[in-house]
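A.B. asks: model-v7.cif (mmCIF, C-alpha atoms) pasted underneath:
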data_final
#
loop_
_atom_site.group_PDB
_atom_site.id
_atom_site.type_symbol
_atom_site.label_atom_id
_atom_site.label_comp_id
_atom_site.auth_asym_id
_atom_site.auth_seq_id
_atom_site.Cartn_x
_atom_site.Cartn_y
_atom_site.Cartn_z
ATOM 1 C CA MET A 11 -28.725 -33.975 -30.596
ATOM 2 C CA ARG A 12 -25.141 -34.075 -31.850
ATOM 3 C CA ARG A 13 -23.144 -37.012 -30.477
ATOM 4 C CA TYR A 14 -19.363 -37.004 -29.916
ATOM 5 C CA PRO A 15 -17.111 -40.057 -30.133
ATOM 6 C CA ARG A 16 -16.721 -41.870 -26.828
ATOM 7 C CA CYS A 17 -12.976 -41.098 -26.676
ATOM 8 C CA ILE A 18 -13.637 -37.360 -26.934
ATOM 9 C CA ARG A 19 -16.317 -37.565 -24.233
ATOM 10 C CA THR A 20 -13.914 -39.527 -22.025
ATOM 11 C CA LEU A 21 -11.101 -37.029 -22.593
ATOM 12 C CA ALA A 22 -13.405 -34.106 -21.850
ATOM 13 C CA GLY A 23 -14.493 -35.767 -18.640
ATOM 14 C CA LEU A 24 -10.888 -36.397 -17.644
ATOM 15 C CA LEU A 25 -9.946 -32.767 -18.330
ATOM 16 C CA ALA A 26 -12.883 -31.591 -16.229
ATOM 17 C CA VAL A 27 -11.742 -33.769 -13.330
ATOM 18 C CA LEU A 28 -8.168 -32.494 -13.672
ATOM 19 C CA ALA A 29 -9.402 -28.914 -13.737
ATOM 20 C CA LEU A 30 -11.395 -29.494 -10.551
ATOM 21 C CA CYS A 31 -8.356 -31.051 -8.903
ATOM 22 C CA ALA A 32 -6.206 -28.109 -9.954
ATOM 23 C CA CYS A 33 -8.715 -25.644 -8.520
ATOM 24 C CA ALA A 34 -8.883 -27.621 -5.310
ATOM 25 C CA THR A 35 -5.091 -27.579 -5.101
ATOM 26 C CA VAL A 36 -4.954 -23.827 -5.643
ATOM 27 C CA ARG A 37 -7.639 -23.239 -3.039
ATOM 28 C CA ALA A 38 -5.975 -25.539 -0.540
ATOM 29 C CA ALA A 39 -2.554 -23.848 -0.833
ATOM 30 C CA ALA A 40 -2.356 -21.701 2.274
ATOM 31 C CA VAL A 41 -0.210 -18.580 2.333
ATOM 32 C CA ALA A 42 2.835 -19.191 4.541
ATOM 33 C CA VAL A 43 3.223 -16.512 7.224
ATOM 34 C CA VAL A 44 6.054 -16.479 9.758
ATOM 35 C CA ALA A 45 5.789 -14.176 12.782
ATOM 36 C CA ALA A 46 8.727 -13.528 15.063
ATOM 37 C CA GLU A 47 6.362 -13.467 18.056
ATOM 38 C CA SER A 48 3.001 -15.115 18.682
ATOM 39 C CA THR A 49 1.609 -11.648 19.427
ATOM 40 C CA TYR A 50 1.646 -11.008 15.696
ATOM 41 C CA GLY A 51 0.955 -14.592 14.730
ATOM 42 C CA VAL A 52 -2.498 -14.473 16.308
ATOM 43 C CA ILE A 53 -3.280 -11.282 14.374
ATOM 44 C CA ALA A 54 -2.236 -13.005 11.134
ATOM 45 C CA ARG A 55 -4.576 -15.901 11.945
ATOM 46 C CA ALA A 56 -7.436 -13.499 12.682
ATOM 47 C CA VAL A 57 -7.060 -11.822 9.296
ATOM 48 C CA GLY A 58 -6.045 -14.831 7.205
ATOM 49 C CA GLY A 59 -8.334 -17.415 8.750
ATOM 50 C CA THR A 60 -8.056 -20.859 7.187
ATOM 51 C CA HIS A 61 -6.278 -19.504 4.118
ATOM 52 C CA VAL A 62 -2.974 -18.882 5.897
ATOM 53 C CA ARG A 63 -0.458 -21.168 7.568
ATOM 54 C CA VAL A 64 1.036 -19.232 10.463
ATOM 55 C CA TYR A 65 4.230 -20.163 12.267
ATOM 56 C CA SER A 66 5.003 -18.082 15.361
ATOM 57 C CA ILE A 67 8.635 -18.506 16.328
ATOM 58 C CA ILE A 68 8.459 -17.204 19.908
ATOM 59 C CA GLY A 69 5.465 -17.623 22.187
ATOM 60 C CA ALA A 70 6.789 -19.335 25.291
ATOM 61 C CA PRO A 71 6.911 -17.020 28.314
ATOM 62 C CA ASN A 72 10.417 -18.138 29.251
ATOM 63 C CA VAL A 73 11.977 -17.031 25.936
ATOM 64 C CA ASP A 74 13.535 -13.568 25.716
ATOM 65 C CA PRO A 75 13.084 -12.155 22.180
ATOM 66 C CA HIS A 76 16.159 -9.963 22.627
ATOM 67 C CA ARG A 77 18.420 -12.983 23.187
ATOM 68 C CA PHE A 78 16.741 -15.560 20.963
ATOM 69 C CA GLU A 79 19.013 -17.639 18.747
ATOM 70 C CA ALA A 80 17.430 -19.025 15.604
ATOM 71 C CA THR A 81 17.820 -22.694 14.684
ATOM 72 C CA PRO A 82 18.254 -24.052 11.118
ATOM 73 C CA ALA A 83 14.561 -25.071 11.190
ATOM 74 C CA VAL A 84 13.565 -21.479 11.930
ATOM 75 C CA ALA A 85 15.804 -20.227 9.129
ATOM 76 C CA ARG A 86 14.153 -22.642 6.679
ATOM 77 C CA ALA A 87 10.665 -21.506 7.740
ATOM 78 C CA VAL A 88 11.597 -17.857 7.198
ATOM 79 C CA ALA A 89 13.109 -18.674 3.808
ATOM 80 C CA ALA A 90 9.874 -20.386 2.694
ATOM 81 C CA ALA A 91 7.485 -17.699 3.989
ATOM 82 C CA ARG A 92 5.520 -15.390 1.695
ATOM 83 C CA ILE A 93 4.979 -12.935 4.569
ATOM 84 C CA VAL A 94 7.343 -12.313 7.485
ATOM 85 C CA ILE A 95 6.279 -10.211 10.483
ATOM 86 C CA LEU A 96 8.595 -8.789 13.103
ATOM 87 C CA ASN A 97 8.380 -6.130 15.791
ATOM 88 C CA GLY A 98 11.400 -3.952 15.022
ATOM 89 C CA LEU A 99 13.194 -1.361 17.193
ATOM 90 C CA GLY A 100 15.796 -3.960 18.124
ATOM 91 C CA TYR A 101 13.259 -6.198 19.837
ATOM 92 C CA ASP A 102 13.876 -9.050 17.401
ATOM 93 C CA ALA A 103 16.923 -8.003 15.377
ATOM 94 C CA TRP A 104 17.695 -11.685 14.767
ATOM 95 C CA MET A 105 14.614 -11.903 12.538
ATOM 96 C CA GLN A 106 15.784 -9.021 10.383
ATOM 97 C CA ARG A 107 19.113 -10.787 9.939
ATOM 98 C CA LEU A 108 17.381 -14.035 8.981
ATOM 99 C CA ALA A 109 15.165 -12.340 6.400
ATOM 100 C CA ALA A 110 18.138 -10.496 4.925
ATOM 101 C CA ALA A 111 20.197 -13.705 4.752
ATOM 102 C CA ALA A 112 17.590 -15.441 2.565
ATOM 103 C CA PRO A 113 16.054 -12.777 0.316
ATOM 104 C CA VAL A 114 13.022 -13.792 -1.750
ATOM 105 C CA PRO A 115 11.795 -11.410 -4.496
ATOM 106 C CA ASP A 116 8.052 -11.706 -3.799
ATOM 107 C CA ARG A 117 8.255 -12.058 -0.017
ATOM 108 C CA THR A 118 6.816 -9.263 2.119
ATOM 109 C CA VAL A 119 8.587 -8.323 5.346
ATOM 110 C CA ILE A 120 6.408 -6.282 7.706
ATOM 111 C CA VAL A 121 8.151 -4.402 10.517
ATOM 112 C CA VAL A 122 5.305 -3.455 12.836
ATOM 113 C CA ALA A 123 7.100 -0.536 14.501
ATOM 114 C CA ASP A 124 7.608 1.016 11.038
ATOM 115 C CA LEU A 125 3.871 1.093 10.316
ATOM 116 C CA ASP A 126 3.503 4.314 12.342
ATOM 117 C CA ARG A 127 6.874 5.792 13.186
ATOM 118 C CA GLY A 128 5.240 8.941 14.507
ATOM 119 C CA ALA A 129 3.641 6.917 17.327
ATOM 120 C CA ILE A 130 6.948 5.576 18.674
ATOM 121 C CA LEU A 131 7.562 6.829 22.218
ATOM 122 C CA ALA A 132 10.487 9.150 22.854
ATOM 123 C CA ASN A 133 12.514 6.445 24.615
ATOM 124 C CA ARG A 134 12.043 4.175 21.549
ATOM 125 C CA ASN A 135 10.225 1.606 23.633
ATOM 126 C CA PRO A 136 9.930 -1.475 21.386
ATOM 127 C CA HIS A 137 6.799 -2.920 23.024
ATOM 128 C CA VAL A 138 4.456 -1.453 20.405
ATOM 129 C CA PHE A 139 2.143 -4.468 20.580
ATOM 130 C CA TYR A 140 0.464 -2.937 23.633
ATOM 131 C CA ASP A 141 -0.962 -0.168 21.458
ATOM 132 C CA PRO A 142 -4.002 -1.449 19.544
ATOM 133 C CA ALA A 143 -3.357 1.171 16.865
ATOM 134 C CA PHE A 144 -0.306 -0.825 15.747
ATOM 135 C CA ALA A 145 -2.383 -4.019 15.698
ATOM 136 C CA ARG A 146 -4.946 -2.273 13.511
ATOM 137 C CA ALA A 147 -2.235 -1.049 11.136
ATOM 138 C CA LEU A 148 -0.747 -4.544 10.915
ATOM 139 C CA ALA A 149 -4.134 -6.139 10.236
ATOM 140 C CA ARG A 150 -4.805 -3.696 7.395
ATOM 141 C CA ARG A 151 -1.366 -4.279 5.907
ATOM 142 C CA LEU A 152 -1.864 -8.040 6.089
ATOM 143 C CA ALA A 153 -5.296 -7.894 4.480
ATOM 144 C CA THR A 154 -3.944 -5.812 1.608
ATOM 145 C CA ARG A 155 -1.049 -8.178 0.972
ATOM 146 C CA LEU A 156 -3.142 -11.341 1.327
ATOM 147 C CA ARG A 157 -5.690 -10.049 -1.169
ATOM 148 C CA ALA A 158 -2.840 -9.516 -3.644
ATOM 149 C CA LEU A 159 -1.290 -12.942 -3.035
ATOM 150 C CA ASP A 160 -4.586 -14.827 -2.943
ATOM 151 C CA PRO A 161 -7.274 -12.873 -4.821
ATOM 152 C CA HIS A 162 -9.565 -15.911 -4.847
ATOM 153 C CA HIS A 163 -10.184 -15.367 -1.121
ATOM 154 C CA ALA A 164 -10.061 -11.559 -1.140
ATOM 155 C CA GLY A 165 -13.608 -11.342 0.180
ATOM 156 C CA ASP A 166 -12.741 -13.517 3.162
ATOM 157 C CA TYR A 167 -9.742 -11.349 4.045
ATOM 158 C CA THR A 168 -11.862 -8.201 3.831
ATOM 159 C CA HIS A 169 -14.519 -9.770 6.054
ATOM 160 C CA ASN A 170 -11.975 -11.007 8.596
ATOM 161 C CA LEU A 171 -10.362 -7.570 8.740
ATOM 162 C CA ARG A 172 -13.725 -5.965 9.369
ATOM 163 C CA VAL A 173 -14.457 -8.397 12.217
ATOM 164 C CA PHE A 174 -10.998 -7.871 13.755
ATOM 165 C CA GLU A 175 -11.275 -4.082 13.606
ATOM 166 C CA ALA A 176 -14.707 -4.204 15.220
ATOM 167 C CA ALA A 177 -13.201 -6.266 18.031
ATOM 168 C CA LEU A 178 -10.374 -3.723 18.382
ATOM 169 C CA ASP A 179 -13.038 -1.062 18.891
ATOM 170 C CA ARG A 180 -13.955 -2.932 22.084
ATOM 171 C CA VAL A 181 -10.354 -2.624 23.260
ATOM 172 C CA ASP A 182 -10.359 1.110 22.566
ATOM 173 C CA ALA A 183 -13.631 1.468 24.481
ATOM 174 C CA ALA A 184 -12.230 -0.473 27.450
ATOM 175 C CA ILE A 185 -9.128 1.744 27.523
ATOM 176 C CA ASP A 186 -11.268 4.880 27.421
ATOM 177 C CA ALA A 187 -13.468 3.558 30.237
ATOM 178 C CA LEU A 188 -10.455 2.739 32.427
ATOM 179 C CA HIS A 189 -9.015 6.189 31.782
ATOM 180 C CA ALA A 190 -12.331 7.742 32.799
ATOM 181 C CA ARG A 191 -12.316 5.788 36.088
ATOM 182 C CA HIS A 192 -8.654 6.510 36.831
ATOM 183 C CA PRO A 193 -7.518 9.674 35.046
ATOM 184 C CA ARG A 194 -3.960 10.990 35.292
ATOM 185 C CA LEU A 195 -2.569 8.283 37.555
ATOM 186 C CA SER A 196 1.086 8.277 38.603
ATOM 187 C CA VAL A 197 2.614 4.849 38.055
ATOM 188 C CA ALA A 198 6.020 3.155 38.137
ATOM 189 C CA ALA A 199 7.427 0.127 36.336
ATOM 190 C CA THR A 200 10.327 -2.293 36.610
ATOM 191 C CA GLU A 201 10.578 -2.284 32.812
ATOM 192 C CA PRO A 202 8.543 -0.555 30.089
ATOM 193 C CA VAL A 203 6.465 -3.485 28.833
ATOM 194 C CA LEU A 204 3.169 -1.571 29.167
ATOM 195 C CA GLY A 205 4.580 1.779 28.067
ATOM 196 C CA TYR A 206 2.290 2.263 25.064
ATOM 197 C CA LEU A 207 -0.832 1.215 26.932
ATOM 198 C CA LEU A 208 0.010 3.485 29.857
ATOM 199 C CA HIS A 209 0.519 6.308 27.368
ATOM 200 C CA ARG A 210 -2.907 5.620 25.842
ATOM 201 C CA LEU A 211 -4.414 5.684 29.331
ATOM 202 C CA GLY A 212 -2.863 9.076 30.018
ATOM 203 C CA TRP A 213 -1.042 7.736 33.068
ATOM 204 C CA ARG A 214 2.277 9.309 34.033
ATOM 205 C CA ASP A 215 5.374 7.232 34.570
ATOM 206 C CA VAL A 216 6.896 9.161 37.454
ATOM 207 C CA ASP A 217 10.449 7.817 37.283
ATOM 208 C CA PRO A 218 11.446 5.876 34.136
ATOM 209 C CA ALA A 219 15.166 5.713 34.933
ATOM 210 C CA VAL A 220 15.048 2.147 36.266
ATOM 211 C CA GLU A 221 12.910 0.712 33.499
ATOM 212 C CA ASP A 222 14.851 2.495 30.755
ATOM 213 C CA ALA A 223 18.085 1.011 32.085
ATOM 214 C CA VAL A 224 16.537 -2.471 32.124
ATOM 215 C CA MET A 225 15.199 -1.979 28.586
ATOM 216 C CA ASN A 226 18.670 -0.996 27.366
ATOM 217 C CA GLY A 227 20.310 -3.981 29.058
ATOM 218 C CA THR A 228 22.219 -1.987 31.671
ATOM 219 C CA GLU A 229 22.232 -2.057 35.454
ATOM 220 C CA PRO A 230 20.049 0.688 36.960
ATOM 221 C CA ALA A 231 21.938 3.229 39.010
ATOM 222 C CA PRO A 232 21.613 2.605 42.769
ATOM 223 C CA ALA A 233 20.328 6.154 43.224
ATOM 224 C CA ALA A 234 17.525 5.512 40.700
ATOM 225 C CA VAL A 235 16.504 2.301 42.470
ATOM 226 C CA ALA A 236 16.550 4.054 45.856
ATOM 227 C CA ARG A 237 14.416 6.891 44.464
ATOM 228 C CA LEU A 238 11.847 4.439 43.146
ATOM 229 C CA GLU A 239 11.762 2.611 46.491
ATOM 230 C CA THR A 240 11.064 5.917 48.251
ATOM 231 C CA ARG A 241 8.213 6.730 45.853
ATOM 232 C CA LEU A 242 6.658 3.348 46.583
ATOM 233 C CA ARG A 243 7.037 3.619 50.367
ATOM 234 C CA GLU A 244 5.611 7.142 50.390
ATOM 235 C CA HIS A 245 2.678 6.171 48.146
ATOM 236 C CA ARG A 246 3.650 8.664 45.481
ATOM 237 C CA VAL A 247 2.647 6.116 42.848
ATOM 238 C CA SER A 248 -0.703 4.367 42.492
ATOM 239 C CA LEU A 249 0.540 1.235 40.748
ATOM 240 C CA LEU A 250 3.716 -0.759 40.092
ATOM 241 C CA VAL A 251 3.877 -2.546 36.727
ATOM 242 C CA PHE A 252 6.260 -5.472 36.295
ATOM 243 C CA ASN A 253 7.022 -8.057 33.633
ATOM 244 C CA ARG A 254 5.389 -11.342 34.637
ATOM 245 C CA GLN A 255 7.910 -13.241 32.524
ATOM 246 C CA VAL A 256 10.908 -11.871 34.444
ATOM 247 C CA GLY A 257 11.935 -13.027 37.914
ATOM 248 C CA ASP A 258 15.240 -11.228 38.412
ATOM 249 C CA PRO A 259 16.298 -10.013 41.890
ATOM 250 C CA LEU A 260 15.482 -6.351 41.165
ATOM 251 C CA THR A 261 11.928 -7.137 40.064
ATOM 252 C CA ARG A 262 11.339 -9.337 43.096
ATOM 253 C CA HIS A 263 12.773 -6.669 45.390
ATOM 254 C CA LEU A 264 10.623 -3.833 44.019
ATOM 255 C CA ARG A 265 7.503 -6.007 44.126
ATOM 256 C CA ALA A 266 8.257 -6.756 47.782
ATOM 257 C CA VAL A 267 8.693 -3.047 48.536
ATOM 258 C CA ALA A 268 5.354 -2.290 46.858
ATOM 259 C CA ARG A 269 3.627 -5.123 48.703
ATOM 260 C CA ARG A 270 4.869 -3.943 52.111
ATOM 261 C CA ALA A 271 3.827 -0.375 51.274
ATOM 262 C CA GLY A 272 0.373 -1.463 50.158
ATOM 263 C CA VAL A 273 0.891 -0.262 46.569
ATOM 264 C CA PRO A 274 -0.943 -2.495 44.067
ATOM 265 C CA ALA A 275 1.138 -4.249 41.428
ATOM 266 C CA PHE A 276 0.230 -5.639 38.027
ATOM 267 C CA GLY A 277 2.190 -8.225 36.047
ATOM 268 C CA ALA A 278 2.141 -7.814 32.260
ATOM 269 C CA ARG A 279 2.966 -10.471 29.663
ATOM 270 C CA GLU A 280 4.928 -9.967 26.458
ATOM 271 C CA PHE A 281 2.975 -12.683 24.607
ATOM 272 C CA PRO A 282 -0.656 -13.793 24.654
ATOM 273 C CA PRO A 283 -1.294 -16.997 26.599
ATOM 274 C CA PRO A 284 -1.784 -20.128 24.465
ATOM 275 C CA HIS A 285 -5.073 -20.295 22.533
ATOM 276 C CA THR A 286 -5.772 -16.610 23.224
ATOM 277 C CA GLY A 287 -6.393 -14.000 20.540
ATOM 278 C CA TYR A 288 -4.905 -10.532 20.491
ATOM 279 C CA VAL A 289 -8.130 -8.757 21.426
ATOM 280 C CA GLU A 290 -8.859 -11.145 24.305
ATOM 281 C CA TRP A 291 -5.297 -10.643 25.570
ATOM 282 C CA LEU A 292 -5.508 -6.848 25.580
ATOM 283 C CA LEU A 293 -8.970 -6.847 27.125
ATOM 284 C CA ALA A 294 -7.699 -9.146 29.889
ATOM 285 C CA THR A 295 -4.780 -6.756 30.458
ATOM 286 C CA VAL A 296 -7.057 -3.714 30.764
ATOM 287 C CA ARG A 297 -9.377 -5.575 33.136
ATOM 288 C CA GLY A 298 -6.377 -6.774 35.141
ATOM 289 C CA LEU A 299 -5.179 -3.208 35.606
ATOM 290 C CA ASP A 300 -8.650 -2.233 36.765
ATOM 291 C CA ARG A 301 -8.773 -5.099 39.266
ATOM 292 C CA ALA A 302 -5.291 -4.324 40.583
ATOM 293 C CA LEU A 303 -6.276 -0.719 41.274
ATOM 294 C CA ALA A 304 -9.392 -1.974 43.045
ATOM 295 C CA GLY A 305 -7.231 -4.102 45.342
ATOM 296 C CA ASP A 306 -7.940 -7.438 43.638
ATOM 297 C CA ALA A 307 -4.577 -9.179 43.158
ATOM 298 C CA ARG A 308 -5.866 -11.965 40.907
#
Spell out the structure here as structure tokens.
C.D. replies:
Amino acid sequence: MRRYPRCIRTLAGLLAVLALCACATVRAAAVAVVAAESTYGVIARAVGGTHVRVYSIIGAPNVDPHRFEATPAVARAVAAARIVILNGLGYDAWMQRLAAAAPVPDRTVIVVADLDRGAILANRNPHVFYDPAFARALARRLATRLRALDPHHAGDYTHNLRVFEAALDRVDAAIDALHARHPRLSVAATEPVLGYLLHRLGWRDVDPAVEDAVMNGTEPAPAAVARLETRLREHRVSLLVFNRQVGDPLTRHLRAVARRAGVPAFGAREFPPPHTGYVEWLLATVRGLDRALAGDAR
């Protein structure tokens, strides 16, 4: 057997160790993802798994995405991200400004509402996260980009996407089942948080004037509020939907009118609760609607 000088064997061993360290470093470098809202952050975690480092800027229920003001720390996180996710349709315009202020050549900015512009409701409701079709489109876009940025873990991203889409199938099935139990309901809302889900359910929003005014940041006309009160008192709607994160006088008043009239009400959230995935959040929402219609106010 041919023998090499000890110095060469030592150098070869050292190079092998350095190569292993380099590989370990490459494998340990997580892809930095910044999501404007935790709604999209949890989807990024589902697809990226342990190979991504996700920072969700807004997730607290008391923070209004429309009025959020970014701090220097947030600006630095956006500047360092390889992937930035935002809702669009004016819901988080501050994030678009941040991304534009610190352009990075190889950074990907995903505007979720732009993934299927044909599915945007006529009133340009920005709450697209309540349509699982947008979540599916985002997950696919993320998987494609992550495979390009980190081909070493491409198989993991493909597997995670497959698992996430299978879980979304459960959401679609739950929506279909609820629609079958309660077809063509007439509902009302204090603001259009659940607009896309209600549309998927085939439920009719009988009087959107109040919620559209709230969505656009204007005071609803007194006549529109009075008309909605009458619909509630006369049981011309089967359900009142409100934003659980909002406690303004109008919301409290309309909830009180519904309660006195015996009309069930359901409070929706704009973000998943802590430690809750996207699929679990939507399934809980669908089940909550079902319970509310059955008279269970939990």
A.B. asks: For a cut-off of 10 Å around (-7.6, 1.6, 24.9), file coordinates, pick out all residues using only C-alpha atoms and list them as a PDB file with C-alpha atoms, in the coordinates of the input.
C.D. replies:
ATOM      1  CA  TYR A 140       0.464  -2.937  23.633  1.00  0.00           C
ATOM      2  CA  ASP A 141      -0.962  -0.168  21.458  1.00  0.00           C
ATOM      3  CA  PRO A 142      -4.002  -1.449  19.544  1.00  0.00           C
ATOM      4  CA  ALA A 143      -3.357   1.171  16.865  1.00  0.00           C
ATOM      5  CA  LEU A 178     -10.374  -3.723  18.382  1.00  0.00           C
ATOM      6  CA  ASP A 179     -13.038  -1.062  18.891  1.00  0.00           C
ATOM      7  CA  ARG A 180     -13.955  -2.932  22.084  1.00  0.00           C
ATOM      8  CA  VAL A 181     -10.354  -2.624  23.260  1.00  0.00           C
ATOM      9  CA  ASP A 182     -10.359   1.110  22.566  1.00  0.00           C
ATOM     10  CA  ALA A 183     -13.631   1.468  24.481  1.00  0.00           C
ATOM     11  CA  ALA A 184     -12.230  -0.473  27.450  1.00  0.00           C
ATOM     12  CA  ILE A 185      -9.128   1.744  27.523  1.00  0.00           C
ATOM     13  CA  ASP A 186     -11.268   4.880  27.421  1.00  0.00           C
ATOM     14  CA  ALA A 187     -13.468   3.558  30.237  1.00  0.00           C
ATOM     15  CA  LEU A 188     -10.455   2.739  32.427  1.00  0.00           C
ATOM     16  CA  HIS A 189      -9.015   6.189  31.782  1.00  0.00           C
ATOM     17  CA  TYR A 206       2.290   2.263  25.064  1.00  0.00           C
ATOM     18  CA  LEU A 207      -0.832   1.215  26.932  1.00  0.00           C
ATOM     19  CA  LEU A 208       0.010   3.485  29.857  1.00  0.00           C
ATOM     20  CA  HIS A 209       0.519   6.308  27.368  1.00  0.00           C
ATOM     21  CA  ARG A 210      -2.907   5.620  25.842  1.00  0.00           C
ATOM     22  CA  LEU A 211      -4.414   5.684  29.331  1.00  0.00           C
ATOM     23  CA  LEU A 292      -5.508  -6.848  25.580  1.00  0.00           C
ATOM     24  CA  LEU A 293      -8.970  -6.847  27.125  1.00  0.00           C
ATOM     25  CA  VAL A 296      -7.057  -3.714  30.764  1.00  0.00           C
TER      26      VAL A 296
END
A.B. asks: Could you check how far CA of Gly205 in chain A sits from CA of Arg146 in chain A, in Å to one decimal?
C.D. replies: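 The value is 17.9 Å.
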A.B. asks: Have a look at A:Val251, A:Ala42, A:Ala132, A:Ala80 and name the one nearest to Val64 in chain A; count only C-alpha atoms.
C.D. replies: A:Ala42
A.B. asks: For each of A:Ile93, A:Ala46, A:Ala111, A:Leu260, take the minimum atom-to-atom distance to Glu201 in chain A, counting only C-alpha atoms, then give the residue where this is smallest.
C.D. replies: A:Leu260
A.B. asks: What is the CA of Ala112 in chain A to CA of Ala45 in chain A distance in Å?
C.D. replies: 15.7 Å
A.B. asks: Could you tell me which of A:Pro202, A:His192, A:Asp116, A:Leu96 comes closest to Leu131 in chain A if we count all atoms listed in the file?
C.D. replies: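 Ranking A:Pro202, A:His192, A:Asp116, A:Leu96 by distance to Leu131 in chain A, first place goes to A:Pro202.
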A.B. asks: Check the smallest atom-to-atom distance from each of A:Val203, A:Thr118, A:Thr60, A:Pro75 to Val88 in chain A using all atoms listed in the file, then report the winner.
C.D. replies: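 Using all atoms listed in the file, Val88 in chain A sits closest to A:Thr118.
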A.B. asks: Once the PyMOL selection byres ((chain A and resi 121) around 12) has been applied to the shown file, what residues remain in the selection, as a ChimeraX atom specification?
C.D. replies: /A:45-47,50,93-103,105-106,109,118-120,122-127,136,138-139,144-145,147-148,151-152
A.B. asks: What's the 8 Å shell around range 159-175 of chain A, counting only C-alpha atoms, without same-chain residues fewer than 2 positions away, as a list in words?
C.D. replies: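 Skipping anything fewer than 2 positions along the chain leaves Arg37, Val41, Ala56, Val57, Gly58, Gly59, His61, Arg146, Ala149, Arg150, Ala153, Arg155, Leu156, Arg157, Ala177, Leu178 and Asp179 of chain A.
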A.B. asks: Would you mind reading off the distance between CA of Pro113 in chain A and CA of His76 in chain A, one decimal, in Å?
C.D. replies: 22.5 Å
A.B. asks: Looking at all atoms listed in the file, which of A:Ala231, A:Ala89, A:Met225, A:Leu299 is the one that sits closest to Leu249 in chain A?
C.D. replies: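 With all atoms listed in the file as the atom set, the closest residue is A:Leu299.
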A.B. asks: Where does range 62-162 of chain A meet range 271-288 of chain A within 8 Å, residue by residue, with the nearest atom pair and distance in Å to one decimal for each, counting only C-alpha atoms, listed by chain and rising number, as a tab-separated table?
C.D. replies:
residue	atom	partner	partner_atom	distance
A:Gly69	CA	A:Phe281	CA	6.0
A:Ala70	CA	A:Phe281	CA	7.7
A:Pro71	CA	A:Phe281	CA	6.9
A.B. asks: Hey, what's within 7 Å of Ser248 in chain A if we count all atoms listed in the file and toss same-chain stuff fewer than 5 positions away? As a count of residues only, please?
C.D. replies: 4
A.B. asks: Show me, as JSON, the centre and edge lengths in Å to one decimal of the axis-aligned box that covers every listed atom of range 289-300 of chain A with 4 Å on each side.
C.D. replies:
{"center_x": -7.1, "center_y": -6.7, "center_z": 29.1, "size_x": 12.6, "size_y": 16.9, "size_z": 23.3}
A.B. asks: For Trp104 in chain A, which residue among A:Ser48, A:Thr81, A:Ser66, A:Thr295 is the nearest when counting all atoms listed in the file?
C.D. replies: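 Of the candidates, the smallest distance to Trp104 in chain A is held by A:Thr81.
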A.B. asks: Selection in question (the file shown): the PyMOL selection byres ((chain A and resi 234-245) around 8). Which residues does it include, as JSON, numbers by chain?
C.D. replies: {"A": [198, 217, 219, 220, 230, 231, 232, 233, 246, 247, 248, 264, 267, 268, 271, 273]}
